[in-house]
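Q: TSV, C-alpha atoms, saved as run_20.tsv, coming up:
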```tsv
chain	number	residue	atom	x	y	z
A	170	MET	CA	-7.26	19.85	17.63
A	171	ASP	CA	-9.22	18.54	14.63
A	172	TYR	CA	-8.96	14.93	13.52
A	173	THR	CA	-6.58	15.65	10.62
A	174	SER	CA	-4.21	17.34	13.05
A	175	SER	CA	-4.48	14.39	15.42
A	176	ILE	CA	-3.46	12.08	12.58
A	177	GLU	CA	-0.33	14.13	12.00
A	178	ALA	CA	0.46	14.17	15.70
A	179	ALA	CA	-0.06	10.43	16.08
A	180	LEU	CA	2.19	9.63	13.14
A	181	LYS	CA	4.79	12.19	14.29
A	182	VAL	CA	5.22	13.34	10.70
A	183	LYS	CA	3.61	15.99	8.54
A	184	ARG	CA	0.88	14.45	6.43
A	185	PRO	CA	2.00	14.52	2.77
A	186	LYS	CA	0.05	16.75	0.43
A	187	TYR	CA	-0.32	13.93	-2.08
A	188	THR	CA	-0.99	10.48	-0.62
A	189	ALA	CA	-4.06	9.48	-2.52
A	190	ILE	CA	-3.45	6.59	-4.90
A	191	ALA	CA	-3.61	2.87	-4.33
A	192	ALA	CA	-3.22	-0.07	-6.68
A	193	GLY	CA	-4.40	-3.64	-6.36
A	194	ARG	CA	-4.12	-6.77	-8.45
A	195	ARG	CA	-6.42	-5.51	-11.22
A	196	HIS	CA	-7.73	-2.10	-10.11
A	197	THR	CA	-6.55	1.39	-9.19
A	198	ILE	CA	-8.02	3.83	-6.67
A	199	GLY	CA	-7.64	7.62	-6.66
A	200	LEU	CA	-8.52	10.04	-3.88
A	201	ARG	CA	-9.46	13.52	-5.10
A	202	SER	CA	-8.62	16.72	-3.25
A	203	ASP	CA	-12.32	17.16	-2.35
A	204	GLY	CA	-12.37	13.85	-0.44
A	205	THR	CA	-14.21	11.84	-3.09
A	206	VAL	CA	-12.81	8.69	-4.66
A	207	THR	CA	-12.59	7.30	-8.18
A	208	ALA	CA	-11.60	3.86	-9.46
A	209	VAL	CA	-10.75	2.01	-12.65
A	210	GLY	CA	-10.13	-1.63	-13.46
A	211	ASP	CA	-11.70	-4.96	-12.60
A	212	HIS	CA	-15.05	-4.58	-10.87
A	213	LYS	CA	-16.07	-8.23	-10.61
A	214	VAL	CA	-16.56	-8.26	-6.83
A	215	GLY	CA	-17.50	-4.61	-6.31
A	216	GLN	CA	-14.01	-3.37	-5.44
A	217	CYS	CA	-14.60	-0.22	-7.51
A	218	ASP	CA	-17.91	0.74	-5.82
A	219	VAL	CA	-16.50	3.96	-4.35
A	220	ASN	CA	-18.63	6.61	-6.07
A	221	GLY	CA	-20.56	7.36	-2.89
A	222	TRP	CA	-17.51	7.81	-0.70
A	223	ARG	CA	-17.03	11.27	0.79
A	224	ASP	CA	-14.72	12.99	3.27
A	225	MET	CA	-11.88	10.52	2.69
A	226	VAL	CA	-8.26	11.14	3.71
A	227	ALA	CA	-6.65	7.87	2.58
A	228	VAL	CA	-7.33	4.81	0.41
A	229	ALA	CA	-5.86	1.31	0.19
A	230	ALA	CA	-6.34	-1.58	-2.21
A	231	GLY	CA	-5.96	-5.27	-1.51
A	232	ASN	CA	-3.20	-6.77	-3.63
A	233	VAL	CA	-2.09	-10.28	-4.50
A	234	HIS	CA	0.53	-11.92	-6.68
A	235	MET	CA	-0.36	-12.66	-10.29
A	236	ALA	CA	-1.65	-16.19	-10.56
A	237	THR	CA	-4.47	-17.74	-12.55
A	238	ASN	CA	-6.56	-18.34	-9.42
A	239	THR	CA	-6.18	-14.82	-7.97
A	240	GLY	CA	-7.68	-11.45	-8.79
A	241	ASN	CA	-10.54	-10.80	-6.39
A	242	ALA	CA	-9.79	-7.78	-4.21
A	243	HIS	CA	-11.19	-5.23	-1.79
A	244	THR	CA	-10.82	-1.47	-1.34
A	245	ILE	CA	-10.50	0.44	1.93
A	246	GLY	CA	-11.11	4.10	2.70
A	247	LEU	CA	-10.23	6.15	5.79
A	248	THR	CA	-12.50	9.08	6.63
A	249	SER	CA	-11.47	12.33	8.28
A	250	ARG	CA	-13.42	11.17	11.36
A	251	GLY	CA	-11.15	8.15	11.83
A	252	THR	CA	-13.68	5.59	10.65
A	253	VAL	CA	-13.12	3.07	7.87
A	254	VAL	CA	-15.25	1.90	4.92
A	255	ALA	CA	-14.71	-1.11	2.69
A	256	VAL	CA	-16.07	-2.61	-0.51
A	257	GLY	CA	-15.28	-5.69	-2.54
A	258	TRP	CA	-14.27	-9.25	-1.80
A	259	ASN	CA	-15.13	-10.29	1.76
A	260	ILE	CA	-14.51	-14.02	1.87
A	261	HIS	CA	-12.52	-13.77	5.13
A	262	ASP	CA	-14.42	-10.80	6.61
A	263	GLN	CA	-11.67	-8.44	5.49
A	264	CYS	CA	-14.33	-5.78	4.90
A	265	GLU	CA	-15.81	-6.01	8.41
A	266	VAL	CA	-14.48	-2.62	9.58
A	267	ASN	CA	-17.71	-0.75	10.31
A	268	ASP	CA	-16.99	-0.61	14.04
A	269	TRP	CA	-13.44	0.70	13.68
A	270	HIS	CA	-12.75	4.18	15.05
A	271	ASP	CA	-9.81	6.43	15.97
A	272	ILE	CA	-7.94	5.07	12.93
A	273	VAL	CA	-5.09	7.19	11.53
A	274	ALA	CA	-3.70	4.89	8.79
A	275	ILE	CA	-4.83	1.83	6.84
A	276	ALA	CA	-3.30	-0.98	4.80
A	277	ALA	CA	-4.83	-3.76	2.73
A	278	GLY	CA	-3.21	-7.09	1.99
A	279	TRP	CA	-4.53	-10.21	0.34
A	280	ARG	CA	-7.82	-11.05	2.11
A	281	ARG	CA	-7.13	-8.78	5.12
A	282	THR	CA	-7.29	-5.19	6.36
A	283	VAL	CA	-5.01	-3.48	8.87
A	284	GLY	CA	-5.69	-0.29	10.80
A	285	LEU	CA	-3.38	1.89	12.90
A	286	LYS	CA	-5.10	3.62	15.82
A	287	SER	CA	-4.30	7.05	17.21
A	288	ASP	CA	-2.87	5.47	20.38
A	289	GLY	CA	-0.27	3.52	18.37
A	290	THR	CA	-2.01	0.15	18.58
A	291	VAL	CA	-2.97	-1.91	15.52
A	292	ILE	CA	-6.03	-3.95	14.59
A	293	ALA	CA	-6.56	-6.39	11.74
A	294	VAL	CA	-9.33	-8.48	10.23
A	295	GLY	CA	-9.33	-11.16	7.56
A	296	ARG	CA	-7.27	-14.20	6.64
A	297	ASN	CA	-4.83	-15.26	9.36
A	298	ASN	CA	-3.48	-18.60	8.17
A	299	GLU	CA	0.14	-17.47	8.62
A	300	GLY	CA	-0.46	-15.23	11.62
A	301	GLU	CA	-0.54	-12.10	9.49
A	302	CYS	CA	-3.31	-10.62	11.64
A	303	ASP	CA	-1.56	-11.26	14.98
A	304	VAL	CA	-0.97	-7.58	15.73
A	305	SER	CA	-2.96	-7.12	18.95
A	306	SER	CA	0.21	-6.84	21.03
A	307	TRP	CA	1.77	-4.10	18.91
A	308	ARG	CA	2.33	-0.74	20.60
A	309	ASP	CA	3.87	2.61	19.73
A	310	MET	CA	3.38	2.14	15.97
A	311	VAL	CA	3.43	5.04	13.51
A	312	ALA	CA	2.84	3.21	10.19
A	313	VAL	CA	1.65	-0.15	8.83
A	314	ALA	CA	1.99	-2.03	5.55
A	315	ALA	CA	0.53	-5.28	4.25
A	316	GLY	CA	2.05	-7.79	1.86
A	317	ASP	CA	0.36	-10.89	0.56
A	318	TRP	CA	0.91	-12.95	3.71
A	319	HIS	CA	2.85	-10.70	6.08
A	320	THR	CA	2.10	-7.48	7.95
A	321	VAL	CA	4.66	-4.79	8.73
A	322	GLY	CA	4.64	-2.25	11.54
A	323	LEU	CA	6.93	0.77	11.93
A	324	LYS	CA	7.60	1.90	15.50
A	325	SER	CA	8.19	5.47	16.64
A	326	ASP	CA	11.84	4.64	17.40
A	327	GLY	CA	12.49	3.76	13.74
A	328	THR	CA	12.55	0.00	14.20
A	329	VAL	CA	10.28	-2.46	12.40
A	330	THR	CA	8.28	-5.49	13.48
A	331	ILE	CA	6.62	-8.08	11.22
A	332	VAL	CA	4.22	-11.01	11.57
A	333	GLY	CA	3.17	-13.62	9.05
A	334	ASN	CA	4.82	-15.74	6.39
A	335	ASN	CA	8.63	-15.70	6.45
A	336	GLN	CA	9.38	-18.27	3.77
A	337	TYR	CA	11.94	-16.06	2.02
A	338	GLY	CA	13.16	-14.06	5.00
A	339	GLN	CA	10.77	-11.18	4.32
A	340	CYS	CA	10.31	-10.79	8.09
A	341	GLU	CA	14.04	-10.59	8.91
A	342	VAL	CA	14.14	-6.91	9.88
A	343	SER	CA	15.50	-7.10	13.43
A	344	GLY	CA	18.61	-5.19	12.41
A	345	TRP	CA	16.78	-2.31	10.76
A	346	SER	CA	16.91	1.12	12.40
A	347	ASP	CA	16.20	4.74	11.57
A	348	ILE	CA	13.32	3.69	9.27
A	349	VAL	CA	10.72	6.31	8.30
A	350	GLU	CA	8.53	4.33	5.86
A	351	VAL	CA	7.74	0.68	5.16
A	352	ALA	CA	6.21	-1.20	2.23
A	353	ALA	CA	5.46	-4.85	1.55
A	354	GLY	CA	5.08	-6.96	-1.58
A	355	TYR	CA	4.29	-10.56	-2.37
A	356	LEU	CA	7.35	-12.01	-0.61
A	357	HIS	CA	9.61	-9.03	0.14
A	358	THR	CA	9.72	-6.05	2.47
A	359	VAL	CA	11.24	-2.62	1.90
A	360	GLY	CA	12.12	0.17	4.32
A	361	LEU	CA	13.10	3.78	3.73
A	362	THR	CA	15.74	5.25	6.03
A	363	SER	CA	15.83	8.84	7.24
A	364	ASP	CA	18.88	9.54	5.05
A	365	GLY	CA	17.02	8.60	1.85
A	366	LYS	CA	18.24	5.06	1.33
A	367	ALA	CA	16.15	1.90	0.81
A	368	VAL	CA	16.73	-1.44	2.51
A	369	ALA	CA	15.06	-4.66	1.43
A	370	VAL	CA	14.72	-8.28	2.54
A	371	GLY	CA	12.95	-11.31	1.16
A	372	ARG	CA	12.62	-13.02	-2.17
A	373	ASN	CA	14.88	-11.47	-4.79
A	374	LYS	CA	14.32	-13.69	-7.81
A	375	HIS	CA	13.67	-10.68	-10.05
A	376	GLY	CA	16.02	-8.21	-8.36
A	377	GLN	CA	13.19	-6.55	-6.47
A	378	CYS	CA	15.44	-6.18	-3.41
A	379	ASP	CA	18.36	-4.59	-5.31
A	380	THR	CA	17.94	-1.12	-3.81
A	381	SER	CA	21.27	-0.73	-2.02
A	382	ASP	CA	22.60	1.84	-4.51
A	383	TRP	CA	19.55	4.12	-4.29
A	384	GLY	CA	19.88	7.55	-2.72
A	385	ASN	CA	17.84	10.71	-2.18
A	386	ILE	CA	14.65	8.64	-1.90
A	387	THR	CA	11.64	10.37	-0.32
A	388	ALA	CA	8.99	7.63	-0.72
A	389	ILE	CA	8.75	3.95	-1.62
A	390	ALA	CA	6.12	1.66	-3.09
A	391	VAL	CA	6.14	-2.09	-3.60
A	392	GLY	CA	4.29	-4.31	-6.07
A	393	SER	CA	4.19	-8.06	-6.07
A	394	ASN	CA	7.66	-8.39	-7.58
A	395	HIS	CA	8.88	-4.84	-8.18
A	396	THR	CA	9.99	-1.93	-6.01
A	397	LEU	CA	9.72	1.80	-6.65
A	398	GLY	CA	11.53	4.77	-5.20
A	399	LEU	CA	10.46	8.40	-5.55
A	400	LYS	CA	13.49	10.70	-5.53
A	401	SER	CA	13.76	14.19	-4.10
A	402	ASP	CA	14.06	15.65	-7.61
A	403	GLY	CA	10.68	14.19	-8.64
A	404	THR	CA	12.06	11.32	-10.70
A	405	VAL	CA	11.36	7.64	-10.04
A	406	VAL	CA	13.56	4.54	-9.93
A	407	ALA	CA	12.41	0.94	-10.16
A	408	VAL	CA	13.82	-2.57	-9.83
A	409	GLY	CA	12.32	-6.02	-10.18
A	410	LEU	CA	10.12	-7.94	-12.56
A	411	ASN	CA	9.36	-5.91	-15.70
A	412	LYS	CA	7.32	-8.40	-17.71
A	413	HIS	CA	4.52	-5.87	-18.19
A	414	GLU	CA	6.85	-2.84	-18.34
A	415	GLN	CA	5.80	-1.86	-14.82
A	416	CYS	CA	9.36	-0.64	-14.18
A	417	ASN	CA	9.49	1.65	-17.22
A	418	VAL	CA	9.47	4.87	-15.21
A	419	GLY	CA	12.80	6.27	-16.35
A	420	GLY	CA	11.13	9.16	-18.18
A	421	TRP	CA	8.89	10.21	-15.29
A	422	CYS	CA	9.55	13.61	-13.76
A	423	ASP	CA	7.84	16.13	-11.49
A	424	MET	CA	6.27	13.30	-9.48
A	425	VAL	CA	4.96	13.71	-5.94
A	426	ALA	CA	3.64	10.19	-5.18
A	427	VAL	CA	3.87	6.63	-6.48
A	428	ALA	CA	1.92	3.43	-5.93
A	429	ALA	CA	2.43	-0.14	-7.08
A	430	GLY	CA	-0.11	-2.79	-7.92
A	431	CYS	CA	0.62	-6.40	-8.66
A	432	ALA	CA	2.14	-5.63	-12.06
A	433	HIS	CA	1.39	-1.95	-12.72
A	434	THR	CA	2.76	1.35	-11.45
A	435	ILE	CA	0.91	4.61	-10.79
A	436	GLY	CA	2.34	8.09	-10.26
A	437	ILE	CA	0.88	11.49	-9.35
A	438	LYS	CA	2.46	14.61	-10.82
A	439	SER	CA	2.67	17.93	-9.04
A	440	ASP	CA	-0.20	19.29	-11.15
A	441	GLY	CA	-2.53	16.53	-9.89
A	442	THR	CA	-2.52	14.47	-13.06
A	443	VAL	CA	-1.82	10.75	-12.98
A	444	VAL	CA	0.37	8.48	-15.12
A	445	ALA	CA	0.56	4.70	-15.26
A	446	VAL	CA	2.60	1.89	-16.81
A	447	GLY	CA	2.34	-1.87	-16.69
A	448	ASP	CA	-0.36	-4.50	-16.90
A	449	ASN	CA	-3.58	-2.98	-18.23
A	450	GLU	CA	-5.64	-6.07	-19.00
A	451	TYR	CA	-8.56	-4.77	-16.94
A	452	GLY	CA	-8.10	-1.05	-17.62
A	453	GLN	CA	-6.31	-0.47	-14.32
A	454	CYS	CA	-3.91	1.93	-16.05
A	455	ASP	CA	-6.64	4.04	-17.68
A	456	VAL	CA	-5.99	7.09	-15.49
A	457	SER	CA	-5.00	9.70	-18.07
A	458	SER	CA	-8.24	11.63	-17.50
A	459	TRP	CA	-7.78	11.88	-13.72
A	460	ARG	CA	-7.30	15.37	-12.33
A	461	GLY	CA	-7.05	16.87	-8.84
```
For the structure just supplied, provide its representation as structure tokens.

A:
Amino acid sequence: MDYTSSIEAALKVKRPKYTAIAAGRRHTIGLRSDGTVTAVGDHKVGQCDVNGWRDMVAVAAGNVHMATNTGNAHTIGLTSRGTVVAVGWNIHDQCEVNDWHDIVAIAAGWRRTVGLKSDGTVIAVGRNNEGECDVSSWRDMVAVAAGDWHTVGLKSDGTVTIVGNNQYGQCEVSGWSDIVEVAAGYLHTVGLTSDGKAVAVGRNKHGQCDTSDWGNITAIAVGSNHTLGLKSDGTVVAVGLNKHEQCNVGGWCDMVAVAAGCAHTIGIKSDGTVVAVGDNEYGQCDVSSWRG
């Protein structure tokens, strides 16, 4: 069995055809069908230095809430061999992943990196002030997600476990079941159930947790203060803060994947083109030329 097949087996799900966009605080990453990577946006700390990357199967971008003293970020790439590469901000050693192996999924939070291994265990490096990297005891995981200060793990039985900051109840998921996907924002957590509904906990100041009336959802994505749902008909729904029009996705159609940065939203269409709305101060939405 090749490594791509082992990824699918470990995650117990079929690997989606389109999984290759990631959005950070001020930059956006795209994974092409040939395994190369492209990036736009803020490049101050080298987070867009991905031109030499090859043979990639997944990308992730460190995100953080929008504040005047934030913005530095890092970018993570998972190779088909199960190794991980990283560029960008490394103040807490969040890019120290050169010795990682047998990785099947990755996530990037603020100042940290999380990796899911083929045996269902999880590793993490980076900032751990709130215990967000305390994942060494996790077992039987099939997916991971990283918010600003909390880390989410999805178990094979459809339950969810979380470590890290719980100031707004973003870690209160003990009652969740039948979950097939997880996502994390600044101070909220979202889960997708097997019947296409979305559940959410945490800070709801901007309505970012108001997903209870959603249905027919096939994928979710979470920004700092907004939440996205990709529907089975290729349309997209959004709730939460819309200061930069990051929730203006009502006209989107024929979509196959979505990603959320701090205050911008990215979508891939079935023809491999990319669309974006929201904050574009650093050119992070300049993706209209992307193909494949």

Q: What is the atom CA of Ile198 of chain A to atom CA of Ala229 of chain A distance in Å?

A: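 Distance reported for this atom pair: 7.6 Å.
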
Q: With only C-alpha atoms as the counted atoms, please give the residues lying no more than 10 Å from Thr328 of chain A, apart from itself and same-chain residues fewer than 2 positions off, as a list in words.

A: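 Near neighbours after the sequence-gap exclusion: Met310, Gly322, Leu323, Lys324, Ser325, Asp326, Thr330, Val342, Ser343, Gly344, Trp345, Ser346, Asp347, Ile348, Val349 and Gly360 of chain A.
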
Q: Kindly indicate which residue among A:Gly419, A:Ser381, A:His357, A:His413 lies nearest to Cys454 of chain A, using all atoms listed in the file for the distances.

A: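 Closest to Cys454 of chain A, using all atoms listed in the file: A:His413.
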
Q: So how many Å separate atom CA of Lys213 of chain A and atom CA of Ala189 of chain A, to one decimal?

A: 22.9 Å

Q: Would you mind listing what lies within 9 Å of Met225 of chain A as a list in words, with only C-alpha atoms counted and same-chain residues fewer than 3 positions away left out?

A: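 These residues fall inside the cut-off: Leu200, Arg201, Asp203, Gly204, Thr205, Val206, Trp222, Val228, Gly246, Leu247, Thr248, Ser249 and Arg250 of chain A.
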
Q: Edge lengths and centre in Å to one decimal, as AutoDock Vina command-line options, is what I'm after for the box along x, y and z that holds all listed atoms of segment 418-425 of chain A once 3 Å is added on each side.

A:
```
--center_x 8.9 --center_y 10.5 --center_z -12.1 --size_x 13.8 --size_y 17.3 --size_z 18.2
```

Q: Would you be able to write out as a PyMOL selection string which residues have an atom within 12 Å of (2.0, 12.8, -5.1) in the file's coordinates, counting all atoms listed in the file?

A: chain A and resi 184-191+199-202+387-389+399-401+403-405+422-428+435-444+461

Q: Of the residues A:Val321, A:Ile245, A:Leu410, A:Ala274, which is the one nearest to Asn232 of chain A, using all atoms listed in the file?

A: A:Ile245

Q: For Ala369 of chain A, find every residue with an atom within 6 Å (counting only C-alpha atoms), except residues of its own chain fewer than 5 positions away, and show them as a ChimeraX atom specification.

A: /A:358-359,378

Q: For Asp448 of chain A, which of A:His243, A:His375, A:His319, A:His196 is the closest residue, counting all atoms listed in the file?

A: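 Ranking A:His243, A:His375, A:His319, A:His196 by distance to Asp448 of chain A, first place goes to A:His196.
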
Q: Select, from A:Trp318, A:Trp307, A:Trp383, A:Tyr451, the residue with the minimum atom-to-atom distance to Thr282 of chain A, counting only C-alpha atoms.

A: A:Trp318
